[in-house]
Amino acid sequence: MTASTNLCESCHRSLSGQMWHRLDDMTICGPCYREASSIGLPVTCQHCGWHGVTNGTRETNEDMIEHDACADCIWWFRLAGESDLPDSIRIGGEHYTLTENPMARCGGRVRMLNGLDLGPVNLWSNGTIPERWRELLPDNAKWIT
Ligand SMILES: [Zn+2]
Ligand SMILES: [Zn+2]
């Protein structure tokens, strides 16, 4: 270890005896990490009313603050923003993502509501779409039996 790695690269305080973190290829101390990653900031979710502090990844925390949303609603917010992509599959209020991974087979053949037959596909299940997100994430496919 070189001398520089024993100092926080953000505030230059000593890291000896402290928890340290990696962020953007920098080694930084706990307080700098919390500040840089927006951990612990209060958020009230405009979608579901959840009130708490940011506790996810930096990207999630920044989205939570920017969009006044909890981590759970950010997840659906992101999926809603990608609802036009061909890998976004909604059947019966459940959300799935098309994948090449054979481990993810949810079983069955899928036909898009626009008539496109996807055949047997591998899908990751993303869970049941909450009622308040259904309007933005309406069904777009069905199982073919
Ligand atoms: Zn620091
Ligand atoms: Zn929420």
# chains A, B, ... in the order shown; residues from 1 in each chain; ligands from 1
call {"tool": "residues_near_ligand", "arguments": {"ligand": "ligand 1", "cutoff": "9 Å", "atoms": "only C-alpha atoms and all ligand atoms", "output": "number ranges by chain"}}
result
A: 7-15, 20, 27-33
call {"tool": "residues_near_ligand", "arguments": {"ligand": "ligand 2", "cutoff": "6 Å", "atoms": "only C-alpha atoms and all ligand atoms", "output": "JSON, numbers by chain"}}
result
{"A": [45, 47, 48, 50, 69, 70, 72, 73]}
call {"tool": "select_by_dssp", "arguments": {"residues": "chain A", "states": "strand (DSSP E or B)", "output": "PyMOL selection string"}}
result
chain A and resi 7+14+20-23+26-29+42-44+51-53+88-91+94-99+109-112+117-120+122-128+141-144
call {"tool": "select_by_dssp", "arguments": {"residues": "chain A", "states": "helix (DSSP H, G or I)", "output": "PyMOL selection string"}}
result
chain A and resi 3-6+30-36+58-67+71-81+102-104+131-133
call {"tool": "residues_around", "arguments": {"residues": "Phe77 in chain A", "least_positions_apart": "3", "cutoff": "10 Å", "atoms": "only C-alpha atoms", "output": "PyMOL selection string"}}
result
chain A and resi 47+63+67+69+71-74+80-83+133+136-137
call {"tool": "residues_around", "arguments": {"residues": "Ile65 in chain A", "least_positions_apart": "4", "cutoff": "9 Å", "atoms": "only C-alpha atoms", "output": "list of chain:residue names"}}
result
A:Ser38, A:Leu41, A:Pro42, A:Val43, A:Thr44, A:Thr54, A:Thr60, A:Asn61, A:Ala69, A:Cys70
call {"tool": "write_last_selection", "arguments": {"atoms": "N, CA and C atoms", "output": "PDB file, in the first residue's frame"}}
result
ATOM      1  N   SER A  38     -25.167  10.112  -1.435  1.00  0.00           N
ATOM      2  CA  SER A  38     -26.492  10.618  -1.037  1.00  0.00           C
ATOM      3  C   SER A  38     -27.234   9.675  -0.097  1.00  0.00           C
ATOM      4  N   LEU A  41     -30.433  10.769   3.207  1.00  0.00           N
ATOM      5  CA  LEU A  41     -31.209  11.987   2.994  1.00  0.00           C
ATOM      6  C   LEU A  41     -32.705  11.654   3.040  1.00  0.00           C
ATOM      7  N   PRO A  42     -33.501  12.533   3.655  1.00  0.00           N
ATOM      8  CA  PRO A  42     -34.922  12.229   3.793  1.00  0.00           C
ATOM      9  C   PRO A  42     -35.671  12.301   2.464  1.00  0.00           C
ATOM     10  N   VAL A  43     -36.569  11.372   2.277  1.00  0.00           N
ATOM     11  CA  VAL A  43     -37.389  11.329   1.060  1.00  0.00           C
ATOM     12  C   VAL A  43     -38.828  10.990   1.446  1.00  0.00           C
ATOM     13  N   THR A  44     -39.769  11.696   0.851  1.00  0.00           N
ATOM     14  CA  THR A  44     -41.172  11.298   0.940  1.00  0.00           C
ATOM     15  C   THR A  44     -41.619  10.911  -0.461  1.00  0.00           C
ATOM     16  N   THR A  54     -32.714   7.847   2.181  1.00  0.00           N
ATOM     17  CA  THR A  54     -32.097   7.130   1.069  1.00  0.00           C
ATOM     18  C   THR A  54     -31.121   6.094   1.614  1.00  0.00           C
ATOM     19  N   THR A  60     -29.551   4.920  -7.272  1.00  0.00           N
ATOM     20  CA  THR A  60     -30.911   4.847  -6.744  1.00  0.00           C
ATOM     21  C   THR A  60     -31.193   6.049  -5.845  1.00  0.00           C
ATOM     22  N   ASN A  61     -30.249   6.386  -4.979  1.00  0.00           N
ATOM     23  CA  ASN A  61     -30.453   7.514  -4.070  1.00  0.00           C
ATOM     24  C   ASN A  61     -30.688   8.804  -4.841  1.00  0.00           C
ATOM     25  N   ALA A  69     -39.261   9.772  -4.730  1.00  0.00           N
ATOM     26  CA  ALA A  69     -39.824   8.425  -4.776  1.00  0.00           C
ATOM     27  C   ALA A  69     -38.992   7.478  -3.912  1.00  0.00           C
ATOM     28  N   CYS A  70     -39.654   6.438  -3.387  1.00  0.00           N
ATOM     29  CA  CYS A  70     -38.945   5.426  -2.610  1.00  0.00           C
ATOM     30  C   CYS A  70     -38.205   4.485  -3.575  1.00  0.00           C
TER      31      CYS A  70
END
